[in-house]
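Participant: My questions will all concern the structure given below.
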There are 2 protein chains.
Amino acid sequence: MTDFKVNQKDIFFILKEQLGYGSLCELEKYRSLDEKTLDLMVNEALRFAKGVVAPLNAIGEAQGLGFENGRVTCPAEFKEVFKRYGEDGWTAAVRDPEYGGQGFPDMLRIVVNDFMYGACQSFNMAPSLTHGAAHLIESFGTDTLKQAYVPRMYNGTFAGTMCLTEPNAGSDLAATETMAYPEGDAYRIKGNKIFISWGEHDLAENIIHLVLARIDGAPEGVRGISLFVVPKYRLNADGSVGEDNDVVCTGIEEKLGLHASPTAALAFGGKDGCIGYLCGERNKGLAHMFQMMNSARINTGVSGMTLASNAYQHALEYCRQRVQGRDVAKRKTGSVPLVDHPDVRRMLLWMKANVDGMRSMIYTAAFWANLAGESDDPEIAKHNQRLVDFMTPLVKAYCSDIGFEVCSTAMQCLGGYGYCKDYPIEQYLRDARIMGLYEGTNGIQSMDLMGRKMRLDDGAMVQAFAAELEKFIKTNKNHQGLGKYVGDLEEAFARVREMTKMMIEKNSSDPLQWASYTYPALLCYGDLVMVWRLLDMALIAWDRSEGKAKKNDYFRGKVAQATFFADMTLPHTITRAHSCMRSGREILDIPDGAF
Amino acid sequence: MTDFKVNQKDIFFILKEQLGYGSLCELEKYRSLDEKTLDLMVNEALRFAKGVVAPLNAIGEAQGLGFENGRVTCPAEFKEVFKRYGEDGWTAAVRDPEYGGQGFPDMLRIVVNDFMYGACQSFNMAPSLTHGAAHLIESFGTDTLKQAYVPRMYNGTFAGTMCLTEPNAGSDLAATETMAYPEGDAYRIKGNKIFISWGEHDLAENIIHLVLARIDGAPEGVRGISLFVVPKYRLNADGSVGEDNDVVCTGIEEKLGLHASPTAALAFGGKDGCIGYLCGERNKGLAHMFQMMNSARINTGVSGMTLASNAYQHALEYCRQRVQGRDVAKRKTGSVPLVDHPDVRRMLLWMKANVDGMRSMIYTAAFWANLAGESDDPEIAKHNQRLVDFMTPLVKAYCSDIGFEVCSTAMQCLGGYGYCKDYPIEQYLRDARIMGLYEGTNGIQSMDLMGRKMRLDDGAMVQAFAAELEKFIKTNKNHQGLGKYVGDLEEAFARVREMTKMMIEKNSSDPLQWASYTYPALLCYGDLVMVWRLLDMALIAWDRSEGKAKKNDYFRGKVAQATFFADMTLPHTITRAHSCMRSGREILDIPDGAF
């Protein structure tokens with residue numbers, strides 16, 4: 001028995017009925033696959049998550065991490081599973097076979113991460129970062145780099161990290177101070193990085209850091225940042241692991257959560273003995289790193305969602321079992337299970353809608369990302385890339401903030417027991433709270449969405465999004481049972497567009513007022529996507545929701561969550577869009593001393 | 001240096017300028033006092049909180065609690081301070097001198113708790129529960145009980161608890177199973193209690209438990225519950241502490257937060273050796289206990305608010321010091337402090353308004369409570385008691401939920417650093433989360449507010465509240481600068497009243513639908529009180545907010561927080577009130593199997 005719980009039926013409803021993910025097998029790249037193979041793979045991932053990864057969660061939470069003389073030690077079980085995770089092909093499930101990948105469609109990476117993060121958030125960051133780092137080398141590195149590192153990262157022999165943050169460069173990477181001094185074909189790296197997830201540990205034979213640094217003499221700001229491959233141990237000429245590369249872990253953070261995931265401070269080249277290899281073009285490091293950052297942002301949303309999903313499932317189980325209090329309408333005598341209390345059901349339904357809506361939002365974005373990368377039609381690829389660019393900050397910020405709120409609501413369902421470590425919800429709450437902070441705070445995501453993403457290509461990204469939403473509205477607004485709600489979505493969308501127009505205008509004319517309201521504006525878009533995805537599922541379920549037979553209960557749930565969520569949310573979306581357009585300038589005008 | 005931070009000016013603004021708390025000295029009971037004495041006392045409390053209590057917070061968090069052989073050990077410093085807290089008169093500051101009290105006005109208990117909980121939440125629960133338990137004996141006990149226990153509880157020699165919850169009686173006290181068997185003048189107590197805060201510890205010579213139990217043969221349900229005084233150690237005839245009373249601590253909870261506050265499971269009379277003394281009338285135990293429960297509910301709101309206040313002050317300090325990122329409007333070159341970023345200012349202003357509004361809400365309720373208890377005019381006393389009865393669930397639920405949200409927002413301001421234990425915000429977040437759960441979950445508070453509190457005395461409580469709010473609106477709606485916002489409040493209030501009327505009707509005609517929406521309904525009332533209190537402060541500050549001089553900054557802050565909060569909140573209040581009236585029945589109709 002582990003703590004990991006997931007509603008498998010919900011997963012496949014989205015994959016098969018909502019997205020028809022089998023259609024990915026029609027793409028040239030995946031011709032050798034069919035939907036049945038994909039289903040098998042998803043089921044295998046679920047089995048691996050439940051059987052192999054999930055037991056790590058309680059172990060990691062109980063044992064935590066050791067840190068002595070610059071070395072981090074993890075529970076022994078983590079080491080075993082990290083190796084097996086690579087060997088069994090999960091790290092590189094969606095990568096090309098050339099470097100050891102399994103060749104599955106890219107969107108399955110997100111599905112696999114849904115399960116693996118859900119099974120153990122702290123642990124799964126390790127293979128997930130390793131995948132991201134290796135894929136970065138695969139995308140931008142020389143053949144030599146690729147051959148030296150990528151296969152061993154994909155197969156669980158080596159691990160990987162992304163090293164961006166420095167003491168003076170957190171949200172602002174332009175302030176990066178780590179230096180790279182040319183030396184032969186390579187560079188001497190010198191600088192300090194902090195908040196490096198899995199920056200030091202004992203799970204693998206080597207740790208391959210993907211590091212942002214400035215080549216001596218490079219321009220200031222983000223245009224002078226390059227990307228380097230910096231191994232913990234250098235490789236010998238024969239590829240075997242060699243001497244120490246002067247990457248020293250000077251400490252790990254004590255944190256609210258993620259107790260089994262080491263957050264390291266790293267000193268590169270403190271003794272001038274750190275060698276790094278340029279990965280990709282000089283001074284294009286940030287652009288290259290964005291491949292990994294965007295992927296990490298989506299994964300952050302995945303984590304928020306899947307922790308919420310877990311928390312909801314635990315709350316649901318508790319509410320079905322725990323008997324406490326009388327029925328408010330006296331339908332039964334004596335005490336009744338919590339699930340009979342309307343106020344508890346309100347919380348359960350709200351959580352169910354949020355979890356299913358977020359999962360659909362994320363899987364949809366992953367499906368689009370897969371088309372963007374692999375569609376044989378360049379127009380389709382371009383359109384889908386725009387959709388993904390638009391969705392990335394939304395998935396990151398909305399699913400992290402709502403994910404945390406769901407965890408807190410799940411705790412509420414358990415009363416005082418929810419606060420106790422007898423149940424895993426308090427851990428999910430703590431683990432989930434980081435998601436709004438790392439990989440770019442949610443405030444930064446909101447400025448990305450309402451700024452750069454609205455401006456680029458004359459607004460092509462938001463237009464791509466609007467086209468999809470409009471198509472959905474047009475197709476469904478006369479639906480007999482759900483048309484009213486689709487109409488409400490249309491109305492809310494119109495108001496959000498009005499707000500967006502004003503925000504785009506203010507972005508240049510009054511950037512301070514603009515920046516005061518980007519975050520609530522992001523929430524508006526998140527709400528729209530949620531209602532859209534939930535109604536889409538409800539429409540699919542509609543015909544099967546009408547009969548009173550017990551087998552139809554599942555589909556009635558899809559309809560109920562959609563109409564409830566739409567009705568409870570869209571009026572607030574409109575209100576919030578209106579707030580973003582207000583002329584009050586208190587945020588800016590309040591004197592600093594008055595706070 | 002401790003972590004405790006409070007804006008003293010805000011405290012006195014509410015006490016002196018908004019409430020005119022000196023007027024309490026015109027009451028017969030407080031004739032010997034004047035406002036200056038009250039000010040002195042508040043300043044002394046602040047000094048004690050900062051100097052004596054605040055250092056306990058880091059100690060408690062670092063050392064936690066020991067538990068062995070049924071004994072809980074606390075950090076040595078806790079023991080010293082508990083004694084001193086009593087000796088210096090803080091435990092019984094507002095109680096009558098007859099049993100060792102200082103005779104200060106009752107509302108100052110809330111102000112003192114604001115500081116003491118802010119200084120160390122875990123610790124201050126001990127003297128606060130001791131006060132509540134002793135006051136319960138003072139109110140309902142025999143003279144013998146009073147003399148035996150009360151003075152030593154007030155002076156820090158003995159501690160006290162409230163013992164309500166049992167494994168099968170959490171939210172539903174009707175299910176209480178602990179028994180009391182008559183034996184001479186006393187009773188043999190037998191049963192198990194859980195979740196007893198400070199139920200076992202080594203801070204005092206004795207622990208006096210106030211226990212709910214059923215006298216053998218008593219009626220079922222809440223009408224068969226009596227209140228007992230059950231000491232950990234019996235007292236000898238001369239009053240000295242004697243033999244063990246068979247109250248055994250069988251375990252303490254491991255929790256998300258409150259790591260220095262023992263949450264005990266207690267077995268009473270496991271060896272048939274537990275004696276208890278009836279306190280008050282037979283079978284009236286729950287009614288008596290409500291004195292302590294109501295007080296604990298208000299204190300829960302105080303805790304939520306003061307942890308939020310602390311978290312906000314820490315975030316503010318960080319945002320002023322931390323330099324990161326460029327000015328979005330290029331007003332300055334180079335990197336700027338976080339406080340210059342509009343999205344950060346949005347969070348700071350939102351927190352400021354919430355903290356100041358909640359503090360004003362709580363102090364106002366405490367002022368009313370003081371008038372209810374001590375007014376020389378019975379009509380005034382009655383009116384104010386109704387106000388307090390109405391406000392109790394609101395203060396408890398609204399300030400706990402918003403308090404937690406403020407802590408989370410404060411964390412957001414610090415980025416990744418907020419997640420680390422280098423800053424105390426992560427502790428405030430963990431400590432604050434219990435407030436929505438204990439002393440009756442917030443769902444239960446909402447049913448109390450929208451049910452019992454709306455019905456009793458033909459709605460006299462909500463009418464008393466409405467009369468006060470109407471008076472405020474009528475007086476101020478033509479104010480030159482703030483009249484518009486007062487008008488918005490009037491509009492929102494009208495919509496909330498409409499919703500209330502429907503909810504009262506549904507409470508009997510359709511209790512299931514009613515219970516589905518009591519929680520959002522409670523939030524509506526909380527919003528109204530917040531806007532009212534914030535506008536009231538803004539009106540007081542208005543004249544001094546107009547000049548551009550630096551000394552007027554403080555008053556401009558009062559105006560800015562009020563207009564911002566009103567504008568950002570009231571439209572959502574109206575939307576939420578509307579939601580509470582919806583006819584959709586998804587919460588009730590969704591099949592249990594569909595969750």
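We name chains A, B, ... following the order of the structure tokens; residues begin at 1 in each chain, and ligands are numbered from 1 as shown.
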I'd like a table as JSON lines: residues in chain A with an atom no more than 7 Å from chain B, each row giving the shortest atom pair and its distance in Å to one decimal, only C-alpha atoms counted, sorted by chain and rising residue number.

Facilitator:
{"residue": "A:Ser171", "atom": "CA", "partner": "B:Gly325", "partner_atom": "CA", "distance": 6.9}
{"residue": "A:Asp172", "atom": "CA", "partner": "B:Gly325", "partner_atom": "CA", "distance": 5.1}
{"residue": "A:Glu253", "atom": "CA", "partner": "B:Cys420", "partner_atom": "CA", "distance": 6.5}
{"residue": "A:Glu254", "atom": "CA", "partner": "B:Lys421", "partner_atom": "CA", "distance": 5.5}
{"residue": "A:Lys255", "atom": "CA", "partner": "B:Cys420", "partner_atom": "CA", "distance": 4.3}
{"residue": "A:Leu256", "atom": "CA", "partner": "B:Tyr419", "partner_atom": "CA", "distance": 5.6}
{"residue": "A:Gln324", "atom": "CA", "partner": "B:Asp172", "partner_atom": "CA", "distance": 6.3}
{"residue": "A:Gly325", "atom": "CA", "partner": "B:Asp172", "partner_atom": "CA", "distance": 5.1}
{"residue": "A:Val328", "atom": "CA", "partner": "B:Pro511", "partner_atom": "CA", "distance": 6.4}
{"residue": "A:Ala329", "atom": "CA", "partner": "B:Pro511", "partner_atom": "CA", "distance": 5.8}
{"residue": "A:Pro342", "atom": "CA", "partner": "B:Ser516", "partner_atom": "CA", "distance": 4.7}
{"residue": "A:Asp343", "atom": "CA", "partner": "B:Ser516", "partner_atom": "CA", "distance": 5.0}
{"residue": "A:Arg345", "atom": "CA", "partner": "B:Ile587", "partner_atom": "CA", "distance": 5.9}
{"residue": "A:Arg346", "atom": "CA", "partner": "B:Ile587", "partner_atom": "CA", "distance": 5.7}
{"residue": "A:Leu349", "atom": "CA", "partner": "B:Ile587", "partner_atom": "CA", "distance": 6.6}
{"residue": "A:Lys352", "atom": "CA", "partner": "B:Phe595", "partner_atom": "CA", "distance": 6.7}
{"residue": "A:Gln412", "atom": "CA", "partner": "B:Leu437", "partner_atom": "CA", "distance": 6.5}
{"residue": "A:Gly415", "atom": "CA", "partner": "B:Leu437", "partner_atom": "CA", "distance": 5.3}
{"residue": "A:Gly416", "atom": "CA", "partner": "B:Leu437", "partner_atom": "CA", "distance": 5.6}
{"residue": "A:Tyr419", "atom": "CA", "partner": "B:Leu256", "partner_atom": "CA", "distance": 5.6}
{"residue": "A:Cys420", "atom": "CA", "partner": "B:Lys255", "partner_atom": "CA", "distance": 4.3}
{"residue": "A:Lys421", "atom": "CA", "partner": "B:Lys255", "partner_atom": "CA", "distance": 5.5}
{"residue": "A:Glu426", "atom": "CA", "partner": "B:Leu256", "partner_atom": "CA", "distance": 6.1}
{"residue": "A:Ile434", "atom": "CA", "partner": "B:Tyr419", "partner_atom": "CA", "distance": 6.6}
{"residue": "A:Leu437", "atom": "CA", "partner": "B:Gly415", "partner_atom": "CA", "distance": 5.3}
{"residue": "A:Tyr438", "atom": "CA", "partner": "B:Gly416", "partner_atom": "CA", "distance": 6.1}
{"residue": "A:Thr441", "atom": "CA", "partner": "B:Gly415", "partner_atom": "CA", "distance": 6.4}
{"residue": "A:Gly443", "atom": "CA", "partner": "B:Asp343", "partner_atom": "CA", "distance": 6.4}
{"residue": "A:Pro511", "atom": "CA", "partner": "B:Ala329", "partner_atom": "CA", "distance": 5.8}
{"residue": "A:Leu512", "atom": "CA", "partner": "B:Ala329", "partner_atom": "CA", "distance": 6.2}
{"residue": "A:Ala515", "atom": "CA", "partner": "B:Pro342", "partner_atom": "CA", "distance": 5.5}
{"residue": "A:Ser516", "atom": "CA", "partner": "B:Pro342", "partner_atom": "CA", "distance": 4.7}
{"residue": "A:Asp553", "atom": "CA", "partner": "B:Ala594", "partner_atom": "CA", "distance": 5.5}
{"residue": "A:Tyr554", "atom": "CA", "partner": "B:Ala594", "partner_atom": "CA", "distance": 4.8}
{"residue": "A:Arg556", "atom": "CA", "partner": "B:Ile590", "partner_atom": "CA", "distance": 6.8}
{"residue": "A:Gly557", "atom": "CA", "partner": "B:Ala594", "partner_atom": "CA", "distance": 4.9}
{"residue": "A:Ala560", "atom": "CA", "partner": "B:Glu586", "partner_atom": "CA", "distance": 5.3}
{"residue": "A:Phe564", "atom": "CA", "partner": "B:Glu586", "partner_atom": "CA", "distance": 6.3}
{"residue": "A:Met568", "atom": "CA", "partner": "B:Ser579", "partner_atom": "CA", "distance": 6.4}
{"residue": "A:Pro571", "atom": "CA", "partner": "B:Thr575", "partner_atom": "CA", "distance": 6.3}
{"residue": "A:His572", "atom": "CA", "partner": "B:His572", "partner_atom": "CA", "distance": 6.3}
{"residue": "A:Thr575", "atom": "CA", "partner": "B:Pro571", "partner_atom": "CA", "distance": 6.3}
{"residue": "A:Ser579", "atom": "CA", "partner": "B:Met568", "partner_atom": "CA", "distance": 6.4}
{"residue": "A:Glu586", "atom": "CA", "partner": "B:Ala560", "partner_atom": "CA", "distance": 5.3}
{"residue": "A:Ile587", "atom": "CA", "partner": "B:Arg346", "partner_atom": "CA", "distance": 5.6}
{"residue": "A:Leu588", "atom": "CA", "partner": "B:Pro342", "partner_atom": "CA", "distance": 6.7}
{"residue": "A:Ile590", "atom": "CA", "partner": "B:Gly557", "partner_atom": "CA", "distance": 5.9}
{"residue": "A:Pro591", "atom": "CA", "partner": "B:Asp553", "partner_atom": "CA", "distance": 6.0}
{"residue": "A:Gly593", "atom": "CA", "partner": "B:Asp553", "partner_atom": "CA", "distance": 6.6}
{"residue": "A:Ala594", "atom": "CA", "partner": "B:Tyr554", "partner_atom": "CA", "distance": 4.8}
{"residue": "A:Phe595", "atom": "CA", "partner": "B:Gly557", "partner_atom": "CA", "distance": 6.6}

Participant: So which residues touch region 25-33 of chain B within 10 Å, counting only C-alpha atoms, skipping near sequence neighbours fewer than 2 positions away, as a PDB file with N, CA and C atoms, in the first residue's frame?

Facilitator:
ATOM      1  N   TYR B  21     -11.135  53.230  22.317  1.00  0.00           N
ATOM      2  CA  TYR B  21     -11.280  52.208  23.371  1.00  0.00           C
ATOM      3  C   TYR B  21     -11.217  52.794  24.774  1.00  0.00           C
ATOM      4  N   GLY B  22     -10.715  54.037  24.873  1.00  0.00           N
ATOM      5  CA  GLY B  22     -10.715  54.706  26.169  1.00  0.00           C
ATOM      6  C   GLY B  22     -12.116  54.858  26.745  1.00  0.00           C
ATOM      7  N   SER B  23     -13.116  54.862  25.858  1.00  0.00           N
ATOM      8  CA  SER B  23     -14.497  55.031  26.324  1.00  0.00           C
ATOM      9  C   SER B  23     -14.940  53.860  27.209  1.00  0.00           C
ATOM     10  N   GLU B  35      -7.709  56.048  29.616  1.00  0.00           N
ATOM     11  CA  GLU B  35      -7.125  55.606  28.346  1.00  0.00           C
ATOM     12  C   GLU B  35      -5.609  55.477  28.431  1.00  0.00           C
ATOM     13  N   LYS B  36      -5.012  56.389  29.196  1.00  0.00           N
ATOM     14  CA  LYS B  36      -3.559  56.328  29.318  1.00  0.00           C
ATOM     15  C   LYS B  36      -3.106  55.003  29.944  1.00  0.00           C
ATOM     16  N   THR B  37      -3.853  54.563  30.957  1.00  0.00           N
ATOM     17  CA  THR B  37      -3.517  53.271  31.590  1.00  0.00           C
ATOM     18  C   THR B  37      -3.636  52.142  30.565  1.00  0.00           C
ATOM     19  N   LEU B  38      -4.698  52.216  29.760  1.00  0.00           N
ATOM     20  CA  LEU B  38      -4.868  51.173  28.742  1.00  0.00           C
ATOM     21  C   LEU B  38      -3.699  51.195  27.755  1.00  0.00           C
ATOM     22  N   ASP B  96     -11.293  39.405  37.046  1.00  0.00           N
ATOM     23  CA  ASP B  96     -11.515  40.168  38.272  1.00  0.00           C
ATOM     24  C   ASP B  96     -10.407  39.914  39.294  1.00  0.00           C
ATOM     25  N   GLY B 103      -8.034  43.038  36.234  1.00  0.00           N
ATOM     26  CA  GLY B 103      -9.178  43.930  36.095  1.00  0.00           C
ATOM     27  C   GLY B 103      -9.187  44.833  34.869  1.00  0.00           C
ATOM     28  N   PHE B 104      -8.379  44.512  33.850  1.00  0.00           N
ATOM     29  CA  PHE B 104      -8.417  45.331  32.632  1.00  0.00           C
ATOM     30  C   PHE B 104      -9.658  44.988  31.804  1.00  0.00           C
ATOM     31  N   PRO B 105     -10.074  45.915  30.942  1.00  0.00           N
ATOM     32  CA  PRO B 105     -11.252  45.627  30.109  1.00  0.00           C
ATOM     33  C   PRO B 105     -11.040  44.366  29.257  1.00  0.00           C
ATOM     34  N   ASN B 370     -16.972  43.438  24.883  1.00  0.00           N
ATOM     35  CA  ASN B 370     -16.752  44.087  26.174  1.00  0.00           C
ATOM     36  C   ASN B 370     -17.999  44.863  26.610  1.00  0.00           C
ATOM     37  N   LEU B 371     -18.612  45.547  25.666  1.00  0.00           N
ATOM     38  CA  LEU B 371     -19.859  46.257  25.974  1.00  0.00           C
ATOM     39  C   LEU B 371     -20.968  45.264  26.330  1.00  0.00           C
ATOM     40  N   GLU B 374     -20.256  44.193  29.923  1.00  0.00           N
ATOM     41  CA  GLU B 374     -20.098  45.147  31.019  1.00  0.00           C
ATOM     42  C   GLU B 374     -20.897  46.435  30.901  1.00  0.00           C
ATOM     43  N   SER B 375     -21.659  46.589  29.825  1.00  0.00           N
ATOM     44  CA  SER B 375     -22.382  47.854  29.723  1.00  0.00           C
ATOM     45  C   SER B 375     -23.358  48.001  30.888  1.00  0.00           C
ATOM     46  N   ASP B 376     -23.490  49.202  31.350  1.00  0.00           N
ATOM     47  CA  ASP B 376     -24.406  49.458  32.463  1.00  0.00           C
ATOM     48  C   ASP B 376     -25.844  49.532  31.950  1.00  0.00           C
ATOM     49  N   ASP B 377     -25.991  49.639  30.630  1.00  0.00           N
ATOM     50  CA  ASP B 377     -27.327  49.730  30.024  1.00  0.00           C
ATOM     51  C   ASP B 377     -27.690  48.374  29.421  1.00  0.00           C
TER      52      ASP B 377
END

Participant: With a distance cut-off of 10 Å and only C-alpha atoms, select the neighbouring residues of Leu136 (chain A), excluding the residue or stretch itself and same-chain residues fewer than 3 positions from it, and output the selection as a PyMOL selection string.

Facilitator: chain A and resi 130-133+139-141+146+150+162+210+227+229+279-280+288-292

Participant: Quick one: write out the picked residues with N, CA, C and O atoms as a PDB file, in the first residue's frame?

Facilitator:
ATOM      1  N   THR A 130      17.092  15.061 -15.502  1.00  0.00           N
ATOM      2  CA  THR A 130      18.098  14.345 -16.302  1.00  0.00           C
ATOM      3  C   THR A 130      17.653  14.282 -17.764  1.00  0.00           C
ATOM      4  O   THR A 130      18.446  14.552 -18.676  1.00  0.00           O
ATOM      5  N   HIS A 131      16.382  13.960 -17.959  1.00  0.00           N
ATOM      6  CA  HIS A 131      15.855  13.952 -19.331  1.00  0.00           C
ATOM      7  C   HIS A 131      16.003  15.317 -19.986  1.00  0.00           C
ATOM      8  O   HIS A 131      16.482  15.439 -21.114  1.00  0.00           O
ATOM      9  N   GLY A 132      15.616  16.369 -19.260  1.00  0.00           N
ATOM     10  CA  GLY A 132      15.662  17.718 -19.826  1.00  0.00           C
ATOM     11  C   GLY A 132      17.081  18.123 -20.193  1.00  0.00           C
ATOM     12  O   GLY A 132      17.319  18.711 -21.260  1.00  0.00           O
ATOM     13  N   ALA A 133      18.016  17.808 -19.318  1.00  0.00           N
ATOM     14  CA  ALA A 133      19.416  18.183 -19.556  1.00  0.00           C
ATOM     15  C   ALA A 133      19.977  17.400 -20.746  1.00  0.00           C
ATOM     16  O   ALA A 133      20.651  17.965 -21.619  1.00  0.00           O
ATOM     17  N   SER A 139      19.828  18.273 -28.431  1.00  0.00           N
ATOM     18  CA  SER A 139      19.323  19.292 -29.363  1.00  0.00           C
ATOM     19  C   SER A 139      20.404  20.248 -29.841  1.00  0.00           C
ATOM     20  O   SER A 139      20.368  20.695 -30.984  1.00  0.00           O
ATOM     21  N   PHE A 140      21.326  20.613 -28.964  1.00  0.00           N
ATOM     22  CA  PHE A 140      22.246  21.694 -29.314  1.00  0.00           C
ATOM     23  C   PHE A 140      23.726  21.332 -29.250  1.00  0.00           C
ATOM     24  O   PHE A 140      24.568  22.100 -29.702  1.00  0.00           O
ATOM     25  N   GLY A 141      24.069  20.196 -28.663  1.00  0.00           N
ATOM     26  CA  GLY A 141      25.472  19.848 -28.464  1.00  0.00           C
ATOM     27  C   GLY A 141      26.137  19.298 -29.711  1.00  0.00           C
ATOM     28  O   GLY A 141      25.468  18.923 -30.694  1.00  0.00           O
ATOM     29  N   LYS A 146      27.187  14.756 -27.470  1.00  0.00           N
ATOM     30  CA  LYS A 146      26.017  13.883 -27.479  1.00  0.00           C
ATOM     31  C   LYS A 146      26.417  12.448 -27.160  1.00  0.00           C
ATOM     32  O   LYS A 146      25.823  11.800 -26.300  1.00  0.00           O
ATOM     33  N   VAL A 150      24.717  11.785 -23.622  1.00  0.00           N
ATOM     34  CA  VAL A 150      23.275  11.553 -23.742  1.00  0.00           C
ATOM     35  C   VAL A 150      22.844  10.108 -23.441  1.00  0.00           C
ATOM     36  O   VAL A 150      21.956   9.900 -22.613  1.00  0.00           O
ATOM     37  N   MET A 162      19.755  21.583 -14.329  1.00  0.00           N
ATOM     38  CA  MET A 162      19.809  22.883 -14.995  1.00  0.00           C
ATOM     39  C   MET A 162      20.282  23.907 -13.962  1.00  0.00           C
ATOM     40  O   MET A 162      19.716  24.021 -12.878  1.00  0.00           O
ATOM     41  N   LEU A 210      23.920  21.501 -16.715  1.00  0.00           N
ATOM     42  CA  LEU A 210      23.757  22.412 -17.853  1.00  0.00           C
ATOM     43  C   LEU A 210      23.738  23.817 -17.272  1.00  0.00           C
ATOM     44  O   LEU A 210      22.788  24.196 -16.602  1.00  0.00           O
ATOM     45  N   LEU A 227      25.570  28.560 -22.956  1.00  0.00           N
ATOM     46  CA  LEU A 227      25.191  27.327 -22.261  1.00  0.00           C
ATOM     47  C   LEU A 227      26.371  26.353 -22.260  1.00  0.00           C
ATOM     48  O   LEU A 227      27.011  26.160 -23.298  1.00  0.00           O
ATOM     49  N   VAL A 229      28.039  22.509 -20.819  1.00  0.00           N
ATOM     50  CA  VAL A 229      27.917  21.184 -20.204  1.00  0.00           C
ATOM     51  C   VAL A 229      29.062  21.061 -19.207  1.00  0.00           C
ATOM     52  O   VAL A 229      30.233  21.151 -19.602  1.00  0.00           O
ATOM     53  N   CYS A 279      27.725  24.394 -25.251  1.00  0.00           N
ATOM     54  CA  CYS A 279      26.635  23.606 -25.834  1.00  0.00           C
ATOM     55  C   CYS A 279      25.798  24.554 -26.683  1.00  0.00           C
ATOM     56  O   CYS A 279      25.171  25.479 -26.160  1.00  0.00           O
ATOM     57  N   GLY A 280      25.833  24.368 -28.009  1.00  0.00           N
ATOM     58  CA  GLY A 280      25.110  25.277 -28.891  1.00  0.00           C
ATOM     59  C   GLY A 280      25.931  26.512 -29.187  1.00  0.00           C
ATOM     60  O   GLY A 280      27.151  26.534 -28.995  1.00  0.00           O
ATOM     61  N   HIS A 288      18.685  28.653 -25.924  1.00  0.00           N
ATOM     62  CA  HIS A 288      18.764  27.185 -25.867  1.00  0.00           C
ATOM     63  C   HIS A 288      18.104  26.669 -24.587  1.00  0.00           C
ATOM     64  O   HIS A 288      17.337  25.721 -24.606  1.00  0.00           O
ATOM     65  N   MET A 289      18.458  27.313 -23.479  1.00  0.00           N
ATOM     66  CA  MET A 289      17.955  26.847 -22.192  1.00  0.00           C
ATOM     67  C   MET A 289      16.430  26.902 -22.143  1.00  0.00           C
ATOM     68  O   MET A 289      15.812  26.160 -21.378  1.00  0.00           O
ATOM     69  N   PHE A 290      15.842  27.774 -22.944  1.00  0.00           N
ATOM     70  CA  PHE A 290      14.387  27.881 -22.908  1.00  0.00           C
ATOM     71  C   PHE A 290      13.693  26.576 -23.284  1.00  0.00           C
ATOM     72  O   PHE A 290      12.570  26.327 -22.865  1.00  0.00           O
ATOM     73  N   GLN A 291      14.374  25.725 -24.064  1.00  0.00           N
ATOM     74  CA  GLN A 291      13.780  24.410 -24.333  1.00  0.00           C
ATOM     75  C   GLN A 291      13.524  23.666 -23.022  1.00  0.00           C
ATOM     76  O   GLN A 291      12.448  23.136 -22.787  1.00  0.00           O
ATOM     77  N   MET A 292      14.564  23.699 -22.163  1.00  0.00           N
ATOM     78  CA  MET A 292      14.443  22.984 -20.890  1.00  0.00           C
ATOM     79  C   MET A 292      13.540  23.738 -19.928  1.00  0.00           C
ATOM     80  O   MET A 292      12.765  23.140 -19.176  1.00  0.00           O
TER      81      MET A 292
END

Participant: Could you pull out the alpha helix (DSSP H) residues of region 72-131 of chain A, going by DSSP on the backbone, and write them as a PyMOL selection string?

Facilitator: chain A and resi 76-87+107-119+121-131

Participant: For CA of Arg223 (chain B) and CA of Arg455 (chain B), determine how far apart the two atoms are, in Å to one decimal place.

Facilitator: 20.2 Å

Participant: Can you pull out the residues contacting His259 (chain A)? Cut-off 12 Å, using only C-alpha atoms, and skip same-chain residues under 5 positions away; I want them as a ChimeraX atom specification.

Facilitator: /A:56-66,74-75,120-123,197-198,252-254,427-428,430-431,434 /B:419-421

Participant: Do a neighbour search on Thr91 (chain A) at 8 Å with only C-alpha atoms, toss out local chain neighbours closer than 6 positions, and write the hits as a list in words.

Facilitator: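 Selected residues are Tyr85, Pro127, Ser128, Thr130, His131, Tyr154, Asn155 and Gly156 of chain A.
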